[in-house]
Amino acid sequence: MTRFLLVMPPLAGHVNPAAGIAAELTARGHEVAWTGTESVLRPLLGPGAQVLGTGTRAFRAQGGHGLAALRSLWEGFIVPYARFTAKPLDAAVREYRPDVLLVDQHTPAGALVAHRHGLPWASFAPGAMELGRPYRALPQVEAWMTGLLRGLWERARLPEEEYVDPRFSPALVLATTGPALTGSALPTGSTRLTGYVPLTGSAWPPAHLAAVGPVIAARPHDPHFPWGRLLPGRRRVLVTMGTLAGELGADFLARAVRALELCGEEVQPVFAAPGGLLPELPPHAVAVDRAPVLELMARGALDAVLCHGGMNTVGEALAHGLPLVAAPIRHDQPFVAAQVAAVGAGLRVPFARVTPERLAQALRAVLETTGYRDTAVQVGRELLAGGGAAAAAERLEALA
Amino acid sequence: MSNPEPPASAPPLDPELVALVVEAAGAPPGWARRVTPGARLDGDLLLDEAELATLAELLRERFGPAADLAGLRAGLDLAALEALTVADLQRLLPEEGAR
């Protein structure tokens with residue numbers, strides 16, 4: 001039996017896939033505890049999870065676009081959260097005495113604590129923000145991020161000569177993705193398709209990277225979803241854009257509603273979005289604040305997904321053979337959306353600029369062209385071949 | 001989204017440059033009116049890294065290696081990248097006679 005400590009940020013998109021790995025570790029007889037913001041972790045993990053709280057403090061909401069969003073992520077969340085949790089994390093490690101830590105790439109304080117205590121640790125990459133290095137064409141931006149991380153290392157009074165990038169454990173980087181979504185599976189010369197140069201040569205993939213694919217954990221049946229409103233004989237599109245806020249979010253949803261109207265009544269939309277952001281909907285549309293996405297997918301209730309290009313949603317959709325239209329907003333989403341388009345499992349549209357007519361055209365294309373679905377099925381198989389939670393647990397066990 | 005007016009002294013934009021920005025953005029034709037000299041590529045036009053990489057390639061194809069947006073951006077820090085405008089792009093273009 002091994003004692004694992006999971007260091008996760010207070011973000012559902014990070015905690016949910018880690019929960020699938022935690023469940024697998026527990027099923028194998030290991031002991032698992034979590035550390036982070038208990039007020040966020042507890043509702044996501046349930047009353048049975050062991051949570052060592054690091055205190056609660058409001059951090060800047062994730063928002064904005066492009067470089068402003070990147071600055072906000074690092075200066076408004078990653079660095080201050082690492083500073084705020086440094087001491088409580090150290091206390092959690094002393095109290096729980098883990099054998100191995102699994103540390104999210106955006107909670108670098110966990111890596112610093114593991115290093116201080118000489119404990120083996122793995123990095124957890126639920127997205128492509130660090131793994132895909134979306135800013136690798138901008139060396140000064142990467143140097144700025146490294147400078148912030150080195151500042152945390154120095155603040156933790158760790159020896160400078162021992163510095164390791166806290167986002168990349170030298171022992172193991174667990175990623176809930178696969179080559180199709182990280183760019184390494186793209187053919188040479190595909191830059192024009194994606195806008196990115198795939199990493200090649202000895203630097204990619206790193207020997208200690210375990211790309212295990214999406215972690216598809218069984219979720220309980222959701223009795224609150226209006227299952228009876230799913231109309232037979234219709235093709236269905238799930239619209240799920242993550243945490244949307246403000247004018248741009250409402251504006252995009254209004255365009256999405258219009259686009260799905262243009263697709264005709266034979267296409268039934270299911271919106272997972274805050275009700276306040278949605279305009280008046282046609283009678284056949286379904287709208288909920290939170291949708292049981294995996295259950296809808298597993299039941300075969302969906303035919304396509306319109307999303308923001310977040311790695312979790314994209315991985316889950318492809319694992320169920322569903323083609324995508326991705327309208328990326330920030331961070332690694334443009335990168336992931338570009339990969340989806342490049343492999344042919346869907347289309348990418350510009351979130352801020354796509355017209356309802358163009359969006360309807362993209363939705364019709366993925367619904368009506370079998371190529372997108374066939375590729376989604378094939379890419380989904382490749383992602384699932386990563387082994388998911390079982391493969392992740394095996395790699396973690398090997399660190400003990 | 002702001003759409004700053006160009007300074008009075010800014011030269012008019014090359015229509016080919018505007019067309020390439022619209023193409024890289026995957027935008028409808030009417031969006032071209034937002035492409036003003038003072039419009040920031042990041043904060044105003046909301047071009048992401050994939051779209052900027054596409055734009056860099058389009059500029060190089062049309063105007064030659066001197067129109068090196070990728071090279072320009074690679075030398076800038078975060079603040080300068082945030083401040084980069086369409087007028088800065090225009091300054092990368094060779095003189096009309098040299099094209």
# chains A, B, ... in the order shown; residues from 1 in each chain; ligands from 1
>>> select_by_dssp(residues="chain B", states="alpha helix (DSSP H)", output="MDAnalysis selection string")
chainID B and resid 15:25 49:63 69:74 78:83 86:92
>>> select_by_dssp(residues="region 41-250 of chain A", states="strand (DSSP E)", output="PDB file with C-alpha atoms, in the first residue's frame")
ATOM      1  CA  GLN A  50      -9.602  12.854   2.524  1.00  0.00           C
ATOM      2  CA  VAL A  51      -8.842  16.540   1.992  1.00  0.00           C
ATOM      3  CA  LEU A  52      -6.062  18.434   3.734  1.00  0.00           C
ATOM      4  CA  GLY A  53      -7.105  22.053   3.320  1.00  0.00           C
ATOM      5  CA  VAL A 100       4.457   9.879  -3.678  1.00  0.00           C
ATOM      6  CA  LEU A 101       2.946  13.227  -4.720  1.00  0.00           C
ATOM      7  CA  LEU A 102       0.983  13.949  -7.873  1.00  0.00           C
ATOM      8  CA  VAL A 103       1.354  17.680  -8.504  1.00  0.00           C
ATOM      9  CA  ASP A 104      -0.688  19.654 -11.006  1.00  0.00           C
ATOM     10  CA  TRP A 121       6.639  13.371  -7.374  1.00  0.00           C
ATOM     11  CA  ALA A 122       4.892  13.251 -10.701  1.00  0.00           C
ATOM     12  CA  SER A 123       3.558  16.191 -12.678  1.00  0.00           C
ATOM     13  CA  PHE A 124      -0.080  16.204 -13.704  1.00  0.00           C
ATOM     14  CA  ALA A 125      -0.970  17.811 -17.039  1.00  0.00           C
ATOM     15  CA  VAL A 173       4.683  13.683 -16.367  1.00  0.00           C
ATOM     16  CA  LEU A 174       1.152  12.281 -16.489  1.00  0.00           C
ATOM     17  CA  ALA A 175      -0.932  13.828 -19.250  1.00  0.00           C
ATOM     18  CA  LEU A 209       5.903  11.569 -20.406  1.00  0.00           C
ATOM     19  CA  ALA A 210       2.987   9.214 -19.945  1.00  0.00           C
ATOM     20  CA  ALA A 211       0.149  10.395 -22.194  1.00  0.00           C
ATOM     21  CA  ARG A 235     -29.337  14.803 -34.375  1.00  0.00           C
ATOM     22  CA  ARG A 236     -28.080  16.471 -31.232  1.00  0.00           C
ATOM     23  CA  VAL A 237     -25.311  18.992 -30.582  1.00  0.00           C
ATOM     24  CA  LEU A 238     -24.033  19.667 -27.083  1.00  0.00           C
ATOM     25  CA  VAL A 239     -22.897  23.260 -26.603  1.00  0.00           C
ATOM     26  CA  THR A 240     -20.527  23.549 -23.656  1.00  0.00           C
TER      27      THR A 240
END
>>> atom_distance(atom1="CA of Arg71 (chain A)", atom2="CA of Val141 (chain A)")
9.8 Å
>>> interface_residues(of="chain A", to="chain B", cutoff="9 Å", atoms="only C-alpha atoms", output="PyMOL selection string")
chain A and resi 65-68+71+134-135+137-141+144+191-196+328-330+334-335+338+349-350+352-355+358
>>> atom_distance(atom1="CA of Leu296 (chain A)", atom2="CA of Met8 (chain A)")
26.9 Å
